[in-house]
Every structure is written in C-alpha cells, then in structure tokens.
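Listing of upload_2.txt; format and content: compact mmCIF, C-alpha atoms.
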# COMPACT_ATOMS: atom_id res chain seq x y z
CA MET A 1 -16.72 15.42 -22.33
CA ALA A 2 -20.12 16.37 -20.91
CA ILE A 3 -20.83 12.72 -20.08
CA LEU A 4 -17.58 12.44 -18.14
CA VAL A 5 -18.30 15.64 -16.19
CA ILE A 6 -21.81 14.49 -15.33
CA PHE A 7 -20.54 11.06 -14.29
CA LEU A 8 -17.91 12.57 -11.97
CA PHE A 9 -20.47 14.90 -10.41
CA GLY A 10 -22.74 11.88 -9.95
CA ILE A 11 -20.06 10.02 -8.02
CA GLY A 12 -19.63 13.07 -5.79
CA ASN A 13 -23.38 13.36 -5.26
CA PHE A 14 -23.71 9.74 -4.15
CA ALA A 15 -20.73 10.06 -1.80
CA LEU A 16 -22.14 13.23 -0.28
CA HIS A 17 -25.59 11.66 0.07
CA ARG A 18 -24.11 8.75 1.99
CA ALA A 19 -22.04 11.03 4.23
CA VAL A 20 -25.10 13.08 5.13
CA PHE A 21 -27.15 9.98 5.93
CA GLU A 22 -24.41 8.56 8.14
CA SER A 23 -23.63 11.86 9.89
CA GLY A 24 -26.23 11.37 12.61
CA HIS A 25 -27.27 15.00 12.28
CA PRO A 26 -30.41 15.94 14.27
CA LEU A 27 -31.93 17.35 11.09
CA ILE A 28 -32.06 13.86 9.62
CA GLU A 29 -33.76 12.56 12.76
CA GLN A 30 -36.44 15.28 12.54
CA MET A 31 -37.63 14.13 9.14
CA PRO A 32 -41.25 12.90 8.95
CA TRP A 33 -42.11 9.27 9.72
CA PHE A 34 -42.71 8.37 6.08
CA TYR A 35 -39.18 9.45 5.22
CA HIS A 36 -37.75 6.98 7.70
CA ALA A 37 -40.13 4.31 6.43
CA MET A 38 -38.81 4.72 2.89
CA ASN A 39 -35.26 4.98 4.22
CA ARG A 40 -32.41 5.84 1.91
CA ARG A 41 -33.59 3.82 -1.04
CA LEU A 42 -36.02 6.39 -2.37
CA ALA A 43 -33.56 9.25 -1.97
CA LEU A 44 -30.80 7.31 -3.70
CA GLY A 45 -33.26 6.19 -6.38
CA VAL A 46 -34.20 9.78 -7.16
CA GLU A 47 -30.51 10.70 -7.23
CA PHE A 48 -29.88 7.85 -9.67
CA LEU A 49 -32.78 8.92 -11.91
CA MET A 50 -31.43 12.49 -12.01
CA LEU A 51 -28.01 11.14 -13.01
CA VAL A 52 -29.44 8.88 -15.72
CA ALA A 53 -31.58 11.68 -17.13
CA ALA A 54 -28.61 14.06 -17.29
CA LEU A 55 -26.46 11.38 -18.92
CA LEU A 56 -29.13 10.58 -21.50
CA LEU A 57 -29.57 14.25 -22.35
CA ALA A 58 -25.82 14.69 -22.72
CA ALA A 59 -25.63 11.59 -24.91
CA GLN A 60 -28.23 13.18 -27.20
CA GLY A 61 -26.04 16.27 -27.57
CA ALA A 62 -27.62 18.58 -25.00
CA ALA A 63 -24.52 20.27 -23.59
CA TRP A 64 -26.70 22.30 -21.25
CA ALA A 65 -27.41 19.07 -19.35
CA ALA A 66 -23.88 19.15 -17.94
CA LEU A 67 -24.33 22.74 -16.78
CA ALA A 68 -27.72 21.97 -15.26
CA TYR A 69 -26.37 18.90 -13.44
CA ALA A 70 -23.35 20.90 -12.26
CA GLY A 71 -25.73 23.49 -10.78
CA TYR A 72 -27.79 20.75 -9.15
CA SER A 73 -24.60 19.23 -7.73
CA ALA A 74 -23.39 22.62 -6.45
CA LEU A 75 -26.63 23.17 -4.56
CA GLY A 76 -26.43 19.66 -3.14
CA ALA A 77 -22.81 20.20 -2.13
CA LEU A 78 -23.72 23.43 -0.36
CA ALA A 79 -26.56 21.73 1.52
CA GLY A 80 -24.34 18.76 2.39
CA TRP A 81 -21.56 21.03 3.61
CA LEU A 82 -24.00 22.94 5.82
CA ILE A 83 -25.31 19.70 7.33
CA LEU A 84 -21.94 18.00 7.77
CA THR A 85 -20.30 21.04 9.39
CA ARG A 86 -23.35 21.45 11.69
CA ARG A 87 -24.03 24.98 10.51
CA VAL A 88 -27.72 24.18 10.19
Please re-express this file's structure in structure tokens.
Amino acid sequence: MAILVIFLFGIGNFALHRAVFESGHPLIEQMPWFYHAMNRRLALGVEFLMLVAALLLAAQGAAWAALAYAGYSALGALAGWLILTRRV
C-alpha cells in the first residue's frame, strides 16, 4: 500500500513540476544563470531520485517512507500552488 501511495504522489509531483516550469512565472525567470543552463533535467532528475529512494525504502518495509514522501509532496504542492496562483 505504501508503494502505491508513494507512486501516486510521485505522479502528482512530476505533473506539478511541469506546470510550474511552463507557467512563465517571473520567479522562474529570476533564477541564477546556472539553473537555466542545467534546465529542467537536473530538477526532474532530483525529483526522480527522491521518488526512487522513497519507493526503495517502502519496498524494504519502511512505512515511514510513505509519510516522509507525503510530507515532501505536501510542501511541494504548497509551493507549486503559490507559484501557479501568482501569490508569490
């Protein structure tokens, strides 16, 4: 069950990441030059590594991994909501 929860949160995280990148928000444009040089690949790579790590921990029986990834996803969702609704 924990693996399914983590996987579903992962899908949401990737969708939110893409929406933020494509939003054209001025905050994204103000990022340092090296961020633009690395583009989205590094950010999505880190997101993927977080997902894989949480899935591996859950597969080993660490139920807390699902809670930790849910907290990580909640913080990401809050940040994404703030950016997409232009509250920041």
Distance cut-off 12 Å, centre (-21.9, 8.8, -5.3) in file coordinates, counting all atoms listed in the file: which residues qualify? Return them as JSON, numbers by chain. {"A": [6, 7, 8, 9, 10, 11, 12, 13, 14, 15, 16, 17, 18, 19, 20, 44, 45, 47, 48, 51, 73, 76, 77]}
Please measure the separation of CA of Ser23 (chain A) and CA of Leu84 (chain A), giving the value in Å to one decimal.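 Value for the CA of Ser23 (chain A)-CA of Leu84 (chain A) distance: 6.7 Å.
Counting from CA of Met1 (chain A), the distance to CA of Ala68 (chain A) is 14.6 Å.
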So the first atom is CA of Leu67 (chain A) and the second is CA of Ile28 (chain A); what is the distance between them in Å, to one decimal place?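 It comes out at 28.9 Å.
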Nearest to Ala2 (chain A), chosen from A:Pro32, A:Gly80, A:Gly24, A:Gly61, with only C-alpha atoms counted in the distances: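 Using only C-alpha atoms, Ala2 (chain A) sits closest to A:Gly61.
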Return as JSON the box centre and box size in Å, one decimal, for an axis-aligned box around all listed atoms of region 49-68 of chain A padded by 3 Å per side.
{"center_x": -28.3, "center_y": 15.8, "center_z": -19.7, "size_x": 14.9, "size_y": 19.9, "size_z": 21.7}
Would you please work out which residue, of A:Val88, A:Met38, A:Met50, A:Leu27, is nearest to Ala70 (chain A) when using all atoms listed in the file?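 Smallest distance to Ala70 (chain A) is found for A:Met50.
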Which of these, A:Met31, A:Ala58, A:Ile83, A:Ala74, has the shortest distance to Val5 (chain A) once you count all atoms listed in the file?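 Checking each of A:Met31, A:Ala58, A:Ile83, A:Ala74 against Val5 (chain A), counting all atoms listed in the file, the winner is A:Ala58.
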Could you check which of A:Leu78, A:Leu49, A:Ala66, A:Ala43 is closest to Phe21 (chain A), using all atoms listed in the file?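 Going through A:Leu78, A:Leu49, A:Ala66, A:Ala43 one by one, the smallest distance to Phe21 (chain A) is for A:Ala43.
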Distance criterion (all atoms listed in the file): nearest to Arg40 (chain A) out of A:Thr85, A:Ala65, A:Gln60, A:Glu22: A:Glu22
